[in-house]
$ cat structure_14.cif   # mmCIF, C-alpha atoms
data_entry
loop_
_atom_site.label_atom_id
_atom_site.label_comp_id
_atom_site.auth_asym_id
_atom_site.auth_seq_id
_atom_site.Cartn_x
_atom_site.Cartn_y
_atom_site.Cartn_z
CA VAL A 25 113.29 139.61 71.42
CA GLU A 26 116.95 140.42 70.84
CA GLN A 27 117.95 138.06 73.64
CA VAL A 28 115.86 135.29 72.10
CA LYS A 29 117.55 135.87 68.74
CA LYS A 30 120.99 135.66 70.36
CA GLN A 31 120.11 132.40 72.11
CA TRP A 32 118.77 131.04 68.83
CA ASP A 33 122.02 131.70 66.99
CA GLU A 34 124.12 130.04 69.71
CA THR A 35 121.86 127.01 70.01
CA TRP A 36 121.60 126.66 66.23
CA THR A 37 125.39 126.57 65.85
CA GLU A 38 125.83 124.02 68.64
CA THR A 39 123.08 121.76 67.30
CA GLN A 40 124.58 121.83 63.81
CA GLY A 41 127.93 120.83 65.29
CA HIS A 42 126.36 117.87 67.12
CA ILE A 43 124.59 116.72 63.96
CA LYS A 44 127.86 116.97 62.02
CA ALA A 45 129.58 114.90 64.71
CA ILE A 46 126.87 112.26 64.43
CA GLU A 47 127.28 112.16 60.68
CA ASP A 48 131.07 111.64 61.00
CA PHE A 49 130.81 109.25 63.94
CA GLY A 50 132.02 106.08 62.27
CA LYS A 51 134.78 107.78 60.29
CA LEU A 52 136.70 109.22 63.28
CA ARG A 53 136.30 106.34 65.67
CA GLU A 54 139.96 106.17 66.56
CA THR A 55 140.15 109.73 67.83
CA ASN A 56 136.64 110.77 68.74
CA GLY A 57 134.70 107.58 69.38
CA GLU A 58 135.84 107.19 72.98
CA LYS A 59 135.02 110.77 73.93
CA ASN A 60 131.54 111.15 72.42
CA SER A 61 129.39 108.09 71.93
CA LEU A 62 126.54 108.03 69.48
CA PRO A 63 123.76 108.06 72.15
CA ARG A 64 125.41 111.02 73.86
CA LEU A 65 125.65 112.95 70.63
CA ASN A 66 122.00 112.18 69.88
CA GLY A 67 121.02 113.38 73.36
CA LEU A 68 122.89 116.66 72.87
CA ALA A 69 121.27 117.14 69.47
CA GLN A 70 117.80 116.46 70.90
CA ASP A 71 118.44 118.94 73.71
CA GLY A 72 119.40 121.53 71.13
CA LEU A 73 116.22 120.89 69.13
CA ASN A 74 114.11 121.18 72.29
CA MET A 75 115.80 124.48 73.15
CA LEU A 76 115.14 125.76 69.61
CA ASN A 77 111.47 124.80 69.94
CA SER A 78 111.21 126.66 73.26
CA LEU A 79 112.79 129.73 71.65
CA VAL A 80 110.21 129.53 68.85
CA LEU A 81 107.45 129.54 71.46
CA LYS A 82 109.03 132.52 73.24
CA LEU A 83 109.22 134.49 70.03
CA ASP A 84 105.63 133.56 69.25
CA LEU A 85 104.57 135.03 72.62
CA LEU A 86 106.75 138.14 72.34
CA ALA A 87 105.96 139.05 68.72
CA PRO A 88 102.48 140.52 69.36
CA GLN A 89 103.92 142.71 72.14
CA LEU A 90 106.28 144.65 69.87
CA PRO A 91 105.58 148.40 69.66
CA SER A 92 105.14 148.82 65.90
CA TYR A 93 103.31 146.91 63.20
CA ASP A 94 106.48 146.50 61.09
CA ASP A 95 108.30 144.92 64.03
CA VAL A 96 105.44 142.50 64.52
CA GLN A 97 105.47 141.51 60.84
CA SER A 98 109.24 141.08 60.88
CA ALA A 99 109.02 138.90 63.99
CA GLN A 100 106.30 136.78 62.38
CA ALA A 101 108.44 136.24 59.29
CA LEU A 102 111.45 135.33 61.44
CA LEU A 103 109.25 132.94 63.39
CA GLU A 104 108.20 131.14 60.23
CA ASN A 105 111.84 130.92 59.13
CA TRP A 106 112.82 129.42 62.49
CA ARG A 107 110.13 126.78 62.19
CA GLN A 108 111.44 125.75 58.78
CA GLN A 109 114.99 125.59 60.14
CA CYS A 110 113.85 123.36 63.01
CA HIS A 111 112.22 121.02 60.53
CA SER A 112 115.37 120.91 58.42
CA LEU A 113 117.45 120.15 61.53
CA ARG A 114 115.22 117.20 62.39
CA VAL A 115 115.61 115.84 58.86
CA ALA A 116 119.39 116.37 59.03
CA LEU A 117 119.56 114.58 62.39
CA ARG A 118 117.69 111.58 60.98
CA ASN A 119 119.99 111.44 57.94
CA ALA A 120 123.06 111.84 60.17
CA ASN A 121 122.01 108.84 62.27
CA LEU A 122 121.58 106.76 59.13
CA GLN A 123 125.01 107.81 57.93
CA ALA A 124 126.55 107.04 61.34
CA LYS A 125 125.08 103.53 61.29
CA ALA A 126 126.46 103.01 57.78
CA ASN A 127 129.87 104.25 58.94
CA VAL A 128 129.81 101.91 61.94
CA ARG A 129 128.99 98.95 59.75
CA LYS A 130 131.72 99.91 57.28
CA THR A 131 134.30 100.36 60.05
CA ALA A 132 133.32 97.04 61.66
CA GLN A 133 133.75 95.31 58.30
CA GLN A 134 137.19 96.84 57.88
CA GLU A 135 138.25 95.78 61.37
CA ARG A 136 137.00 92.26 60.76
CA GLU A 137 139.05 92.05 57.64
CA LEU A 138 142.12 93.30 59.50
CA LEU A 139 141.61 90.79 62.30
CA LEU A 140 141.26 87.89 59.91
CA GLY A 141 144.36 88.92 58.08
CA GLY A 142 147.92 88.11 59.18
CA GLY A 143 150.95 90.16 60.11
CA SER A 144 151.97 92.46 62.92
CA GLU A 145 149.30 95.01 62.08
CA SER A 146 146.48 92.56 62.80
CA THR A 147 148.18 91.54 66.08
CA MET A 148 148.43 95.14 67.26
CA ARG A 149 144.87 95.65 66.19
CA ARG A 150 143.66 92.72 68.31
CA ARG A 151 145.58 93.99 71.33
CA ASN A 152 144.11 97.45 70.94
CA LEU A 153 140.64 95.97 70.66
CA GLN A 154 141.16 93.85 73.79
CA THR A 155 142.37 96.92 75.70
CA LYS A 156 139.41 98.91 74.44
CA ALA A 157 137.03 96.09 75.38
CA GLY A 158 138.42 95.97 78.91
CA MET A 159 138.16 99.73 79.28
CA THR A 160 134.64 99.65 77.88
CA SER A 161 133.63 96.91 80.30
CA ALA A 162 135.07 98.84 83.24
CA ALA A 163 133.36 102.00 82.09
CA GLU A 164 130.07 100.14 81.74
CA SER A 165 130.38 98.66 85.23
CA ILE A 166 131.15 102.10 86.67
CA THR A 167 128.24 103.59 84.76
CA GLU A 168 125.91 100.86 86.06
CA SER A 169 127.10 101.47 89.62
CA LEU A 170 126.53 105.20 89.24
CA ARG A 171 123.10 104.51 87.78
CA ARG A 172 122.17 102.33 90.77
CA THR A 173 123.50 104.99 93.15
CA ARG A 174 121.47 107.64 91.39
CA GLN A 175 118.37 105.43 91.56
CA MET A 176 118.87 104.93 95.29
CA MET A 177 119.33 108.66 95.79
CA VAL A 178 116.15 109.35 93.82
CA GLN A 179 114.26 106.84 95.95
CA GLU A 180 115.61 108.41 99.13
CA VAL A 181 114.62 111.86 97.91
CA GLU A 182 111.12 110.62 97.09
CA ARG A 183 110.88 108.93 100.48
CA SER A 184 112.02 112.13 102.19
CA ALA A 185 109.46 114.13 100.22
CA ASN A 186 106.72 111.69 101.20
CA THR A 187 107.84 111.91 104.83
CA LEU A 188 107.75 115.71 104.69
CA MET A 189 104.28 115.59 103.16
CA ALA A 190 103.14 113.21 105.91
CA PHE A 191 104.62 115.54 108.53
CA GLY A 192 102.83 118.48 106.94
CA GLU A 193 99.52 116.63 106.93
CA SER A 194 100.04 115.54 110.55
CA THR A 195 100.81 119.13 111.52
CA GLY A 196 97.61 120.30 109.83
CA VAL A 197 95.59 117.60 111.60
CA LEU A 198 97.14 118.51 114.96
CA LYS A 199 96.38 122.21 114.45
CA LYS A 200 92.81 121.36 113.52
CA ALA A 201 92.48 119.13 116.58
CA GLU A 202 93.88 121.92 118.77
CA LYS A 203 91.33 124.38 117.42
CA GLU A 204 88.52 121.88 118.00
CA TYR A 205 89.82 121.22 121.53
CA LYS A 206 89.82 124.95 122.28
CA GLY A 207 86.25 125.21 121.01
CA HIS A 208 85.14 122.19 123.05
CA HIS A 209 86.98 123.55 126.11
CA SER A 210 85.06 126.84 126.01
CA LEU A 211 81.84 124.88 125.45
CA LEU A 212 82.63 122.66 128.43
CA MET A 213 83.31 125.71 130.62
CA ARG A 214 79.97 127.22 129.68
CA THR A 215 78.26 123.90 130.30
CA ARG A 216 79.93 123.65 133.70
CA ASN A 217 78.74 127.13 134.62
CA LEU A 218 75.22 126.26 133.50
CA LEU A 219 75.29 123.07 135.57
CA SER A 220 76.46 125.01 138.64
CA THR A 221 73.66 127.53 138.14
CA MET A 222 71.12 124.72 137.74
CA GLN A 223 72.40 123.01 140.89
CA ARG A 224 72.05 126.23 142.90
CA GLN A 225 68.59 126.78 141.44
CA ASP A 226 67.68 123.18 142.35
CA VAL A 227 68.78 123.72 145.97
CA ILE A 228 66.80 126.97 146.16
CA ASP A 229 63.74 125.26 144.67
CA ARG A 230 64.01 122.45 147.22
CA VAL A 231 64.29 124.90 150.10
CA ILE A 232 61.27 126.82 148.78
CA LEU A 233 59.29 123.59 148.43
CA ILE A 234 60.20 122.44 151.95
CA VAL A 235 59.34 125.82 153.48
CA GLY A 236 56.09 125.96 151.52
CA PHE A 237 55.22 122.43 152.55
CA LEU A 238 55.88 123.26 156.21
CA LEU A 239 53.77 126.41 156.04
CA PHE A 240 51.02 124.48 154.29
CA SER A 241 51.19 121.73 156.94
CA LEU A 242 51.02 124.28 159.75
CA ALA A 243 48.03 125.96 158.12
CA VAL A 244 46.31 122.60 157.71
CA LEU A 245 47.02 121.69 161.30
CA TYR A 246 45.71 125.04 162.47
CA VAL A 247 42.55 124.68 160.40
CA VAL A 248 42.03 121.11 161.53
CA SER A 249 42.56 122.02 165.17
CA LYS A 250 40.06 124.85 164.92
CA ARG A 251 37.65 122.66 163.04
CA ILE A 252 37.86 119.95 165.72
CA GLY A 253 37.19 122.56 168.42
CA LEU A 254 34.09 123.77 166.60
CA LEU A 255 32.87 120.19 166.20
CA LYS A 256 33.33 119.60 169.90
CA LEU A 257 31.40 122.79 170.62
CA GLN A 258 28.63 121.77 168.24
CA ARG A 259 28.36 118.36 169.82
CA ALA A 260 28.32 119.85 173.30
CA VAL A 261 25.59 122.29 172.28
CA THR A 262 23.58 119.52 170.68
CA SER A 263 23.93 117.27 173.71
CA ALA A 264 23.10 120.11 176.07
CA ILE A 265 20.01 121.03 174.10
CA LYS A 266 18.90 117.46 174.02
CA ALA A 267 19.48 117.09 177.73
CA GLY A 268 17.64 120.35 178.44
CA MET A 269 14.72 119.32 176.32
CA VAL A 270 14.46 116.00 178.15
CA ARG A 271 14.66 117.64 181.54
CA GLY A 272 12.29 120.40 180.45
CA ALA A 273 9.71 117.90 179.48
CA GLY A 274 9.99 116.24 182.88
CA GLY A 275 10.53 119.12 185.38
CA GLY A 276 9.85 122.54 184.03
CA GLN A 277 12.04 125.45 182.91
CA ALA A 278 14.98 125.04 185.33
CA PRO A 279 16.79 122.29 183.41
CA VAL A 280 16.46 124.27 180.20
CA ALA A 281 18.01 127.25 181.86
CA ASP A 282 20.88 125.08 183.13
CA ALA A 283 21.50 123.76 179.62
CA ILE A 284 21.61 127.26 178.20
CA ASP A 285 24.08 128.28 180.89
CA ARG A 286 26.33 125.32 180.03
CA VAL A 287 26.26 126.24 176.36
CA ASN A 288 27.16 129.78 177.16
CA VAL A 289 30.07 128.63 179.28
CA LEU A 290 31.39 126.30 176.54
CA GLN A 291 30.93 128.95 173.92
CA HIS A 292 32.72 131.43 176.13
CA ASP A 293 35.67 129.05 176.46
CA ASN A 294 36.02 128.56 172.67
CA VAL A 295 35.74 132.23 171.62
CA PRO A 296 39.19 133.82 170.82
CA PRO A 297 40.22 136.97 172.64
CA ARG A 298 39.41 140.36 171.11
CA VAL A 299 42.21 142.05 169.19
CA GLY A 300 43.28 145.37 170.75
CA GLY A 301 41.34 144.82 174.03
CA ASN A 302 42.40 143.75 177.47
CA PRO A 303 44.14 140.37 177.86
CA GLY A 304 41.26 138.92 179.88
CA GLU A 305 38.50 140.40 177.79
CA ARG A 306 36.60 138.09 175.34
CA ALA A 307 34.84 138.97 172.18
CA PRO A 308 31.03 139.31 172.45
CA HIS A 309 28.92 136.30 171.46
#
$ encode --input "structure_14.cif" --output "structure tokens"
Amino acid sequence: VEQVKKQWDETWTETQGHIKAIEDFGKLRETNGEKNSLPRLNGLAQDGLNMLNSLVLKLDLLAPQLPSYDDVQSAQALLENWRQQCHSLRVALRNANLQAKANVRKTAQQERELLLGGGSESTMRRRNLQTKAGMTSAAESITESLRRTRQMMVQEVERSANTLMAFGESTGVLKKAEKEYKGHHSLLMRTRNLLSTMQRQDVIDRVILIVGFLLFSLAVLYVVSKRIGLLKLQRAVTSAIKAGMVRGAGGGQAPVADAIDRVNVLQHDNVPPRVGGNPGERAPH
């Protein structure tokens, strides 16, 4: 709070000085007009008023934080006084500008009268005005050049800031793309491993299918071969019985006995060997 009060006193004194200079602008044109122009003095005064307003806001924020109730009340009263002083400064600044304009008009009228008059004084006055006009024109051209340079520098700074922002966004996009690529890379590796496993499983399944098909074909062939042998045996038995019956009807029991012997021989040829017996031994009929 004490620091704010100190800044207030300094800013208040400086702002009052600027307002006084504005009020006396037209009167001291010969000595002070070239150093401080009216717009510059107004800018300094406005800066002072803005600083005073910011100090009022600071005091408004700091007043409730004071340790005692009396200090808070004193700060509130000082705050109200500062607000009134700011208002009075604004009014004084407006009146000072009006007075400066009146002084400028009065001074211009006096100079016009001197220029229209005769004598050496009017001649010297015209020369001084021409010199001042040339200096003013040169100063204005220099000011315009500096203004253009400043504008170009501001544009370059803005362009550089936009470029930096674009670089930052590009960096963010690249980092995001890198993260996505890493995620996709791990996913592709897992997919590749799964495909390799599926290919191996496919080869194993094909081998199992081929082996199973071969075993099934062999079993079918074995069954078919045995079935064909039994059919041949059945046909032979049927033909032998028929032949024996025909011969038996014509010549007695001998042909029937021959047919039975043939059936026994064929049946003996088609019976598989006994398991666990001798190699030449057949299973019983």
$ resolve_selection --input "structure_14.cif" --expression "the PyMOL selection byres ((chain A and resi 104-111) around 12)" --output "JSON, numbers by chain"
{"A": [28, 29, 32, 33, 35, 36, 37, 39, 40, 69, 70, 72, 73, 74, 75, 76, 77, 78, 79, 80, 81, 82, 83, 84, 87, 97, 98, 99, 100, 101, 102, 103, 112, 113, 114, 115, 116, 117, 118]}
$ write_last_selection --input "structure_14.cif" --atoms "C-alpha atoms" --output "compact mmCIF listing (two decimals), in the coordinates of the input"
# COMPACT_ATOMS: atom_id res chain seq x y z
CA VAL A 28 115.86 135.29 72.10
CA LYS A 29 117.55 135.87 68.74
CA TRP A 32 118.77 131.04 68.83
CA ASP A 33 122.02 131.70 66.99
CA THR A 35 121.86 127.01 70.01
CA TRP A 36 121.60 126.66 66.23
CA THR A 37 125.39 126.57 65.85
CA THR A 39 123.08 121.76 67.30
CA GLN A 40 124.58 121.83 63.81
CA ALA A 69 121.27 117.14 69.47
CA GLN A 70 117.80 116.46 70.90
CA GLY A 72 119.40 121.53 71.13
CA LEU A 73 116.22 120.89 69.13
CA ASN A 74 114.11 121.18 72.29
CA MET A 75 115.80 124.48 73.15
CA LEU A 76 115.14 125.76 69.61
CA ASN A 77 111.47 124.80 69.94
CA SER A 78 111.21 126.66 73.26
CA LEU A 79 112.79 129.73 71.65
CA VAL A 80 110.21 129.53 68.85
CA LEU A 81 107.45 129.54 71.46
CA LYS A 82 109.03 132.52 73.24
CA LEU A 83 109.22 134.49 70.03
CA ASP A 84 105.63 133.56 69.25
CA ALA A 87 105.96 139.05 68.72
CA GLN A 97 105.47 141.51 60.84
CA SER A 98 109.24 141.08 60.88
CA ALA A 99 109.02 138.90 63.99
CA GLN A 100 106.30 136.78 62.38
CA ALA A 101 108.44 136.24 59.29
CA LEU A 102 111.45 135.33 61.44
CA LEU A 103 109.25 132.94 63.39
CA SER A 112 115.37 120.91 58.42
CA LEU A 113 117.45 120.15 61.53
CA ARG A 114 115.22 117.20 62.39
CA VAL A 115 115.61 115.84 58.86
CA ALA A 116 119.39 116.37 59.03
CA LEU A 117 119.56 114.58 62.39
CA ARG A 118 117.69 111.58 60.98
$ atom_distance --input "structure_14.cif" --atom1 "CA of Gln89 in chain A" --atom2 "CA of Val25 in chain A"
9.9 Å
$ atom_distance --input "structure_14.cif" --atom1 "CA of Ser61 in chain A" --atom2 "CA of Ile43 in chain A"
12.7 Å
$ atom_distance --input "structure_14.cif" --atom1 "CA of Lys30 in chain A" --atom2 "CA of Leu68 in chain A"
19.3 Å
$ axis_aligned_box --input "structure_14.cif" --around "range 190-193 of chain A" --padding-each-side "5 Å" --output "AutoDock Vina command-line options"
--center_x 102.1 --center_y 115.8 --center_z 107.2 --size_x 15.1 --size_y 15.3 --size_z 12.6
$ build_atoms --input "structure_14.cif" --residues "range 160-188 of chain A" --atoms "N, CA and C atoms" --output "PDB file, keeping the file's coordinate frame"
ATOM      1  N   THR A 160     136.072  99.484  78.079  1.00  0.00           N
ATOM      2  CA  THR A 160     134.640  99.650  77.880  1.00  0.00           C
ATOM      3  C   THR A 160     133.847  98.909  78.948  1.00  0.00           C
ATOM      4  N   SER A 161     134.310  97.676  79.254  1.00  0.00           N
ATOM      5  CA  SER A 161     133.630  96.910  80.300  1.00  0.00           C
ATOM      6  C   SER A 161     133.717  97.602  81.649  1.00  0.00           C
ATOM      7  N   ALA A 162     134.927  98.121  81.964  1.00  0.00           N
ATOM      8  CA  ALA A 162     135.070  98.840  83.240  1.00  0.00           C
ATOM      9  C   ALA A 162     134.203 100.090  83.270  1.00  0.00           C
ATOM     10  N   ALA A 163     134.192 100.802  82.143  1.00  0.00           N
ATOM     11  CA  ALA A 163     133.360 102.000  82.090  1.00  0.00           C
ATOM     12  C   ALA A 163     131.879 101.661  82.239  1.00  0.00           C
ATOM     13  N   GLU A 164     131.473 100.547  81.611  1.00  0.00           N
ATOM     14  CA  GLU A 164     130.070 100.140  81.740  1.00  0.00           C
ATOM     15  C   GLU A 164     129.726  99.759  83.166  1.00  0.00           C
ATOM     16  N   SER A 165     130.650  99.023  83.832  1.00  0.00           N
ATOM     17  CA  SER A 165     130.380  98.660  85.230  1.00  0.00           C
ATOM     18  C   SER A 165     130.292  99.892  86.121  1.00  0.00           C
ATOM     19  N   ILE A 166     131.194 100.855  85.890  1.00  0.00           N
ATOM     20  CA  ILE A 166     131.150 102.100  86.670  1.00  0.00           C
ATOM     21  C   ILE A 166     129.855 102.870  86.391  1.00  0.00           C
ATOM     22  N   THR A 167     129.481 102.903  85.120  1.00  0.00           N
ATOM     23  CA  THR A 167     128.240 103.590  84.760  1.00  0.00           C
ATOM     24  C   THR A 167     127.030 102.926  85.414  1.00  0.00           C
ATOM     25  N   GLU A 168     127.005 101.584  85.433  1.00  0.00           N
ATOM     26  CA  GLU A 168     125.910 100.860  86.060  1.00  0.00           C
ATOM     27  C   GLU A 168     125.860 101.132  87.570  1.00  0.00           C
ATOM     28  N   SER A 169     127.054 101.159  88.189  1.00  0.00           N
ATOM     29  CA  SER A 169     127.100 101.470  89.620  1.00  0.00           C
ATOM     30  C   SER A 169     126.592 102.876  89.908  1.00  0.00           C
ATOM     31  N   LEU A 170     127.012 103.827  89.075  1.00  0.00           N
ATOM     32  CA  LEU A 170     126.530 105.200  89.240  1.00  0.00           C
ATOM     33  C   LEU A 170     125.021 105.289  89.018  1.00  0.00           C
ATOM     34  N   ARG A 171     124.523 104.503  88.048  1.00  0.00           N
ATOM     35  CA  ARG A 171     123.100 104.510  87.780  1.00  0.00           C
ATOM     36  C   ARG A 171     122.316 103.962  88.990  1.00  0.00           C
ATOM     37  N   ARG A 172     122.838 102.865  89.579  1.00  0.00           N
ATOM     38  CA  ARG A 172     122.170 102.330  90.770  1.00  0.00           C
ATOM     39  C   ARG A 172     122.219 103.317  91.926  1.00  0.00           C
ATOM     40  N   THR A 173     123.387 103.981  92.079  1.00  0.00           N
ATOM     41  CA  THR A 173     123.500 104.990  93.150  1.00  0.00           C
ATOM     42  C   THR A 173     122.517 106.122  92.929  1.00  0.00           C
ATOM     43  N   ARG A 174     122.412 106.557  91.682  1.00  0.00           N
ATOM     44  CA  ARG A 174     121.470 107.640  91.390  1.00  0.00           C
ATOM     45  C   ARG A 174     120.033 107.199  91.672  1.00  0.00           C
ATOM     46  N   GLN A 175     119.716 105.939  91.299  1.00  0.00           N
ATOM     47  CA  GLN A 175     118.370 105.430  91.560  1.00  0.00           C
ATOM     48  C   GLN A 175     118.066 105.386  93.057  1.00  0.00           C
ATOM     49  N   MET A 176     119.060 104.956  93.836  1.00  0.00           N
ATOM     50  CA  MET A 176     118.870 104.930  95.290  1.00  0.00           C
ATOM     51  C   MET A 176     118.690 106.331  95.845  1.00  0.00           C
ATOM     52  N   MET A 177     119.472 107.279  95.324  1.00  0.00           N
ATOM     53  CA  MET A 177     119.330 108.660  95.790  1.00  0.00           C
ATOM     54  C   MET A 177     117.965 109.222  95.423  1.00  0.00           C
ATOM     55  N   VAL A 178     117.488 108.895  94.221  1.00  0.00           N
ATOM     56  CA  VAL A 178     116.150 109.350  93.820  1.00  0.00           C
ATOM     57  C   VAL A 178     115.081 108.759  94.725  1.00  0.00           C
ATOM     58  N   GLN A 179     115.225 107.458  95.045  1.00  0.00           N
ATOM     59  CA  GLN A 179     114.260 106.840  95.950  1.00  0.00           C
ATOM     60  C   GLN A 179     114.292 107.468  97.336  1.00  0.00           C
ATOM     61  N   GLU A 180     115.511 107.765  97.824  1.00  0.00           N
ATOM     62  CA  GLU A 180     115.610 108.410  99.130  1.00  0.00           C
ATOM     63  C   GLU A 180     114.989 109.798  99.109  1.00  0.00           C
ATOM     64  N   VAL A 181     115.223 110.525  98.019  1.00  0.00           N
ATOM     65  CA  VAL A 181     114.620 111.860  97.910  1.00  0.00           C
ATOM     66  C   VAL A 181     113.098 111.770  97.886  1.00  0.00           C
ATOM     67  N   GLU A 182     112.576 110.795  97.121  1.00  0.00           N
ATOM     68  CA  GLU A 182     111.120 110.620  97.090  1.00  0.00           C
ATOM     69  C   GLU A 182     110.587 110.221  98.455  1.00  0.00           C
ATOM     70  N   ARG A 183     111.320 109.323  99.143  1.00  0.00           N
ATOM     71  CA  ARG A 183     110.880 108.930 100.480  1.00  0.00           C
ATOM     72  C   ARG A 183     110.903 110.110 101.445  1.00  0.00           C
ATOM     73  N   SER A 184     111.953 110.933 101.330  1.00  0.00           N
ATOM     74  CA  SER A 184     112.020 112.130 102.190  1.00  0.00           C
ATOM     75  C   SER A 184     110.881 113.091 101.880  1.00  0.00           C
ATOM     76  N   ALA A 185     110.576 113.240 100.587  1.00  0.00           N
ATOM     77  CA  ALA A 185     109.460 114.130 100.220  1.00  0.00           C
ATOM     78  C   ALA A 185     108.142 113.597 100.752  1.00  0.00           C
ATOM     79  N   ASN A 186     107.955 112.273 100.652  1.00  0.00           N
ATOM     80  CA  ASN A 186     106.720 111.690 101.200  1.00  0.00           C
ATOM     81  C   ASN A 186     106.652 111.870 102.712  1.00  0.00           C
ATOM     82  N   THR A 187     107.813 111.716 103.373  1.00  0.00           N
ATOM     83  CA  THR A 187     107.840 111.910 104.830  1.00  0.00           C
ATOM     84  C   THR A 187     107.497 113.350 105.192  1.00  0.00           C
ATOM     85  N   LEU A 188     108.061 114.301 104.430  1.00  0.00           N
ATOM     86  CA  LEU A 188     107.750 115.710 104.690  1.00  0.00           C
ATOM     87  C   LEU A 188     106.267 115.997 104.462  1.00  0.00           C
TER      88      LEU A 188
END
